[in-house]
Structure formats: structure tokens, C-alpha cells
>>> print(open('start-v8.cif').read())   # mmCIF, C-alpha atoms
data_my_file
#
loop_
_atom_site.label_atom_id
_atom_site.label_comp_id
_atom_site.auth_asym_id
_atom_site.auth_seq_id
_atom_site.Cartn_x
_atom_site.Cartn_y
_atom_site.Cartn_z
CA MET A 1 51.12 93.72 82.64
CA ALA A 2 53.91 94.09 85.26
CA TYR A 3 54.42 90.33 85.17
CA ARG A 4 55.04 90.46 81.39
CA ILE A 5 57.61 93.27 81.78
CA ILE A 6 59.45 91.34 84.48
CA GLN A 7 59.31 88.21 82.35
CA LYS A 8 60.89 90.09 79.43
CA LEU A 9 63.50 91.97 81.45
CA TRP A 10 64.47 89.43 84.13
CA LYS A 11 68.00 89.05 82.74
CA HIS A 12 68.55 92.81 82.83
CA ILE A 13 67.22 93.03 86.39
CA LEU A 14 69.50 90.18 87.46
CA VAL A 15 72.58 91.79 85.88
CA GLY A 16 71.70 95.13 87.50
CA ALA A 17 71.35 93.48 90.92
CA VAL A 18 74.71 91.70 90.53
CA LEU A 19 76.40 94.96 89.50
CA LEU A 20 74.92 96.78 92.49
CA ILE A 21 76.15 94.08 94.88
CA TYR A 22 79.61 94.24 93.27
CA LEU A 23 79.70 98.02 93.56
CA LEU A 24 78.96 97.84 97.27
CA ALA A 25 81.24 94.89 98.08
CA ALA A 26 84.25 95.52 95.79
CA PRO A 27 86.30 97.84 98.07
CA THR A 28 86.06 95.43 101.00
CA LEU A 29 86.89 92.40 98.86
CA TYR A 30 89.75 94.24 97.17
CA PHE A 31 91.31 95.16 100.51
CA LYS A 32 90.80 91.72 102.01
CA TRP A 33 92.18 89.67 99.11
CA PHE A 34 94.53 91.87 97.09
CA VAL A 35 96.06 94.61 99.25
CA THR A 36 99.21 93.37 100.99
CA ASP A 37 100.75 96.60 102.32
CA GLY A 38 99.20 98.97 104.82
CA LYS A 39 97.06 96.55 106.76
CA ALA A 40 96.76 96.98 110.51
CA LEU A 41 98.59 94.44 112.63
CA SER A 42 96.30 91.63 113.68
CA GLY A 43 95.86 90.05 117.07
CA ALA A 44 94.66 91.35 120.39
CA ARG A 45 96.74 94.41 121.25
CA GLN A 46 96.59 96.80 124.16
CA LEU A 47 98.22 100.18 124.61
CA PRO A 48 101.12 99.87 127.08
CA ALA A 49 102.04 102.47 129.69
CA ARG A 50 102.76 106.01 128.49
CA ALA A 51 106.39 106.95 128.11
CA SER A 52 107.62 109.46 130.69
CA GLY A 53 110.05 111.14 128.30
CA PHE A 54 109.12 111.16 124.66
CA ARG A 55 109.81 113.31 121.58
CA ALA A 56 108.30 112.70 118.15
CA ASN A 57 107.09 114.38 115.00
CA VAL A 58 105.18 113.08 112.01
CA GLU A 59 106.43 114.99 108.99
CA LEU A 60 104.69 113.37 106.06
CA VAL A 61 101.48 111.58 105.17
CA ALA A 62 101.49 111.14 101.41
CA PRO A 63 100.04 108.78 98.79
CA ALA A 64 102.40 105.87 98.11
CA ASP A 65 100.54 104.39 95.16
CA GLN A 66 97.24 104.42 93.28
CA SER A 67 95.72 101.63 95.38
CA GLY A 68 94.93 103.69 98.48
CA GLY A 69 98.27 103.20 100.22
CA TYR A 70 99.86 106.08 102.16
CA VAL A 71 103.33 106.54 103.62
CA VAL A 72 103.55 108.01 107.11
CA SER A 73 107.05 109.14 108.10
CA GLY A 74 108.78 111.12 110.80
CA TRP A 75 110.95 110.56 113.85
CA GLY A 76 110.54 109.62 117.49
CA PHE A 77 112.66 108.66 120.49
CA LEU A 78 112.53 108.24 124.24
CA THR A 79 114.37 110.80 126.35
CA ALA A 80 114.41 109.01 129.72
CA ASP A 81 117.88 108.41 131.16
CA GLU A 82 117.42 104.65 131.10
CA ALA A 83 116.23 104.70 127.48
CA LEU A 84 118.31 102.78 124.99
CA ASP A 85 119.58 104.12 121.70
CA ALA A 86 116.89 104.64 119.05
CA LYS A 87 118.11 101.62 117.07
CA GLU A 88 117.36 99.32 120.02
CA TYR A 89 113.59 99.76 119.63
CA GLU A 90 111.08 98.43 117.16
CA LYS A 91 108.39 101.01 116.46
CA GLU A 92 104.71 100.75 115.61
CA ILE A 93 102.41 103.57 114.53
CA VAL A 94 99.25 103.71 116.63
CA LEU A 95 96.13 105.46 115.32
CA ILE A 96 93.46 106.15 117.95
CA SER A 97 89.93 107.40 117.29
CA SER A 98 87.03 107.64 119.71
CA SER A 99 86.02 104.06 118.88
CA ASN A 100 89.02 102.25 117.35
CA ILE A 101 92.73 101.67 117.88
CA TYR A 102 94.91 100.51 114.99
CA PHE A 103 98.54 99.39 115.11
CA PHE A 104 100.78 99.51 112.01
CA LYS A 105 104.32 98.17 111.53
CA ALA A 106 106.94 100.91 111.22
CA TRP A 107 110.41 100.56 109.73
CA GLN A 108 113.40 102.44 111.05
CA GLU A 109 115.12 105.06 108.91
CA PRO A 110 118.41 106.83 109.50
CA ARG A 111 117.91 110.46 110.57
CA LYS A 112 121.28 112.08 111.22
CA ASP A 113 119.55 115.47 111.34
CA VAL A 114 117.62 114.43 114.47
CA ASP A 115 120.83 113.24 116.15
CA VAL A 116 122.62 116.51 115.30
CA PHE A 117 119.69 118.77 116.27
CA PHE A 118 119.01 117.27 119.71
CA ASN A 119 122.65 116.36 120.45
CA LEU A 120 121.83 114.37 123.60
CA PRO A 121 125.02 113.16 125.32
CA GLY A 122 125.22 109.39 125.47
CA LYS A 123 122.30 108.91 123.06
CA ASN A 124 122.58 107.75 119.49
CA LEU A 125 119.48 109.08 117.69
CA GLU A 126 120.67 108.33 114.19
CA MET A 127 118.00 105.63 113.75
CA ALA A 128 115.15 107.70 115.28
CA GLY A 129 113.41 107.98 111.90
CA PHE A 130 110.52 105.77 110.85
CA HIS A 131 108.13 105.18 108.00
CA SER A 132 105.00 103.10 107.78
CA GLN A 133 102.51 102.15 105.10
CA ILE A 134 98.82 102.59 105.83
CA SER A 135 95.98 101.72 103.50
CA ILE A 136 92.92 103.96 103.63
CA TYR A 137 90.85 100.79 103.40
CA ALA A 138 92.20 99.72 106.81
CA LEU A 139 90.60 102.73 108.54
CA ARG A 140 87.04 103.89 109.12
CA LEU A 141 86.11 107.50 108.38
CA ALA A 142 87.31 109.40 111.47
CA THR A 143 90.05 111.56 112.93
CA TYR A 144 92.85 109.60 114.60
CA ARG A 145 95.46 110.74 117.11
CA ILE A 146 98.92 109.53 116.08
CA GLY A 147 101.05 107.69 118.61
CA ILE A 148 104.23 105.67 118.50
CA LEU A 149 104.73 102.43 120.38
CA PHE A 150 108.35 101.68 121.32
CA ARG A 151 109.06 97.99 121.79
CA PRO A 152 112.61 97.26 123.03
CA LYS A 153 114.21 94.06 121.84
CA SER A 154 114.14 92.97 125.50
CA GLY A 155 111.94 94.67 128.04
CA VAL A 156 108.56 96.37 128.34
CA ALA A 157 106.97 98.39 125.53
CA VAL A 158 105.99 102.02 126.11
CA TYR A 159 103.79 104.39 124.17
CA GLY A 160 103.88 108.09 123.36
CA GLU A 161 101.33 110.29 121.62
CA THR A 162 102.16 113.12 119.24
CA ASN A 163 100.19 116.37 118.96
CA GLN A 164 99.25 115.45 115.40
CA CYS A 165 96.26 113.67 113.92
CA VAL A 166 95.39 112.03 110.67
CA ARG A 167 91.92 112.44 109.22
CA ARG A 168 90.50 109.64 107.07
CA THR A 169 88.20 111.14 104.45
CA PRO A 170 86.43 109.07 101.78
CA ASN A 171 89.39 109.48 99.41
CA HIS A 172 92.45 110.57 101.41
CA LEU A 173 94.46 110.59 104.60
CA LEU A 174 95.25 114.12 105.76
CA LEU A 175 97.83 115.13 108.37
CA ILE A 176 96.38 117.79 110.69
CA ASP A 177 97.10 119.31 114.10
CA CYS A 178 94.92 117.74 116.76
CA PRO A 179 92.23 119.92 118.24
#
>>> encode(input="start-v8.cif", output="C-alpha cells")
Amino acid sequence: MAYRIIQKLWKHILVGAVLLIYLLAAPTLYFKWFVTDGKALSGARQLPARASGFRANVELVAPADQSGGYVVSGWGFLTADEALDAKEYEKEIVLISSSNIYFFKAWQEPRKDVDVFFNLPGKNLEMAGFHSQISIYALRLATYRIGILFRPKSGVAVYGETNQCVRRTPNHLLLIDCP
């Protein structure tokens, strides 16, 4: 009896199995083949030494588009006497959970308000702003501490950690204060 039912419905069972496999594999395949923005930087990366003087704030984590991309923006700079102007550094956003570390490319943005507010003599903080794109598909479900890696055009990179976190939920990235 069961054999006859399977014989009659084998096409339906096959289609159902294919649909189930697609449902489980589609987000991973979509991210791997179609998403171009918001992927973590590849390659073996280590956190450099912590910066001795560091100021930063992440002001916004907001959806950038309907495909799971988020914009992370704020400002950050080094305060040490030997530190160069903010425009002399390339920045990367670093997300750290208890089991993973992700690095994301950050682009500089002009932030005259930061330069005016801090008014540090001999420092040009006009380019202290940054923004980065992060796809939720690049991250596992977890809470991540937010850090900024400062890479001078010549010299040794340093790293600073903010007091803010981002929580990856099944559908969103949320900016929260770290516990």
C-alpha cells in the first residue's frame, strides 16, 4: 500500500525535497554569489596593538537597502601627540564577538563638527568621520563589540574599541550600549 502511494506521488515528494533544500540553502547562496557590498574583508587578519589615545563614537546603524545591507557611521580619531591628522589614516570597522572577529572596509567622511567640538591644537579632525556597509548575512547571530582599526599610510596599525555594540538578530542589526 505505502509503495503504491510513493509510486504515485514520487514527483511531488521530489519537488518538496528540492524546495526544502532551496529554502535552507538560499540565504547562503544569495550572500555568496549575489551580494557585493557589506562582506567582511578576507584574508588572515589579527588585531594590532591597542591605541593609547583614542576617541570614537558610532552614531548610526541603519538599513541601507532591502537586501540585508546596513550602514554603520560615526567618527573616530587618535589623540596621541604623535598621531597624524585624521585624513592620514585608513579605517576599518572591527566587530568582535566571543567567537569571531570581522573586519569591514570603512570610508572616510568629512566631519567639521568633530573638528570644531574637540578643537585640538595642531590636529585636523575634519576627516574623522567614517561609514561602512555591513551585510547581516556576513555575521552570525551574536552581540559584537565595535572597534576601529587605524591604518596609517606608512607605519603600524593600531586599534581602539568603542563602548558600543551591535547585536545581530535574525532580521536586523541593532546598535546598543555594551554591557
>>> resolve_selection(input="start-v8.cif", expression="the PyMOL selection byres ((chain A and resi 75) around 6)", output="list in words")
Ala56, Asn57, Gly74, Gly76, Ala128, Gly129 and Phe130 of chain A
>>> write_last_selection(input="start-v8.cif", atoms="C-alpha atoms", output="PDB file, in the frame of the given file")
ATOM      1  CA  ALA A  56     108.300 112.700 118.150  1.00  0.00           C
ATOM      2  CA  ASN A  57     107.090 114.380 115.000  1.00  0.00           C
ATOM      3  CA  GLY A  74     108.780 111.120 110.800  1.00  0.00           C
ATOM      4  CA  GLY A  76     110.540 109.620 117.490  1.00  0.00           C
ATOM      5  CA  ALA A 128     115.150 107.700 115.280  1.00  0.00           C
ATOM      6  CA  GLY A 129     113.410 107.980 111.900  1.00  0.00           C
ATOM      7  CA  PHE A 130     110.520 105.770 110.850  1.00  0.00           C
TER       8      PHE A 130
END
>>> closest_residue(input="start-v8.cif", among="A:Leu141, A:Ile148, A:Leu175, A:Ile136", to="Gln66 (chain A)", atoms="all atoms listed in the file")
A:Ile136
>>> residues_near_point(input="start-v8.cif", point="(112.8, 98.6, 121.6)", cutoff="8 Å", atoms="all atoms listed in the file", output="PyMOL selection string")
chain A and resi 84+86-91+150-155+157
>>> residues_around(input="start-v8.cif", residues="Leu120 (chain A)", least_positions_apart="4", cutoff="12 Å", atoms="only C-alpha atoms", output="PyMOL selection string")
chain A and resi 77-81+83+85-86+114-116+124-126
>>> closest_residue(input="start-v8.cif", among="A:Val58, A:Ile134, A:Val71, A:Asp113", to="Cys165 (chain A)", atoms="only C-alpha atoms")
A:Val58
>>> atom_distance(input="start-v8.cif", atom1="CA of Gly147 (chain A)", atom2="CA of Val94 (chain A)")
4.8 Å
>>> resolve_selection(input="start-v8.cif", expression="the PyMOL selection byres ((chain A and resi 96) around 10)", output="MDAnalysis selection string")
chainID A and resid 93:95 97:103 142:147 161 165:166
>>> closest_residue(input="start-v8.cif", among="A:Ala138, A:Ala51, A:Ile13, A:Ile6", to="Asp37 (chain A)", atoms="all atoms listed in the file")
A:Ala138
>>> residues_around(input="start-v8.cif", residues="Tyr70 (chain A)", least_positions_apart="2", cutoff="9 Å", atoms="all atoms listed in the file", output="NGL selection string")
:A and (38 or 61-65 or 68 or 72 or 132-136 or 172-173)
>>> write_last_selection(input="start-v8.cif", atoms="C-alpha atoms", output="PDB file, in the frame of the given file")
ATOM      1  CA  GLY A  38      99.200  98.970 104.820  1.00  0.00           C
ATOM      2  CA  VAL A  61     101.480 111.580 105.170  1.00  0.00           C
ATOM      3  CA  ALA A  62     101.490 111.140 101.410  1.00  0.00           C
ATOM      4  CA  PRO A  63     100.040 108.780  98.790  1.00  0.00           C
ATOM      5  CA  ALA A  64     102.400 105.870  98.110  1.00  0.00           C
ATOM      6  CA  ASP A  65     100.540 104.390  95.160  1.00  0.00           C
ATOM      7  CA  GLY A  68      94.930 103.690  98.480  1.00  0.00           C
ATOM      8  CA  VAL A  72     103.550 108.010 107.110  1.00  0.00           C
ATOM      9  CA  SER A 132     105.000 103.100 107.780  1.00  0.00           C
ATOM     10  CA  GLN A 133     102.510 102.150 105.100  1.00  0.00           C
ATOM     11  CA  ILE A 134      98.820 102.590 105.830  1.00  0.00           C
ATOM     12  CA  SER A 135      95.980 101.720 103.500  1.00  0.00           C
ATOM     13  CA  ILE A 136      92.920 103.960 103.630  1.00  0.00           C
ATOM     14  CA  HIS A 172      92.450 110.570 101.410  1.00  0.00           C
ATOM     15  CA  LEU A 173      94.460 110.590 104.600  1.00  0.00           C
TER      16      LEU A 173
END
>>> closest_residue(input="start-v8.cif", among="A:Arg140, A:Lys39, A:Arg50, A:Arg168", to="Ala106 (chain A)", atoms="only C-alpha atoms")
A:Lys39
>>> closest_residue(input="start-v8.cif", among="A:Thr169, A:Leu47, A:Ala26, A:Tyr137", to="Ser67 (chain A)", atoms="all atoms listed in the file")
A:Tyr137
>>> resolve_selection(input="start-v8.cif", expression="the PyMOL selection byres ((chain A and resi 179) around 9)", output="PyMOL selection string")
chain A and resi 163-165+176-178
>>> atom_distance(input="start-v8.cif", atom1="CA of Lys105 (chain A)", atom2="CA of Lys123 (chain A)")
23.9 Å
>>> atom_distance(input="start-v8.cif", atom1="CA of Gly122 (chain A)", atom2="CA of Glu109 (chain A)")
19.9 Å
>>> closest_residue(input="start-v8.cif", among="A:Ala40, A:Leu60, A:Leu19, A:Ala25", to="Leu174 (chain A)", atoms="only C-alpha atoms")
A:Leu60
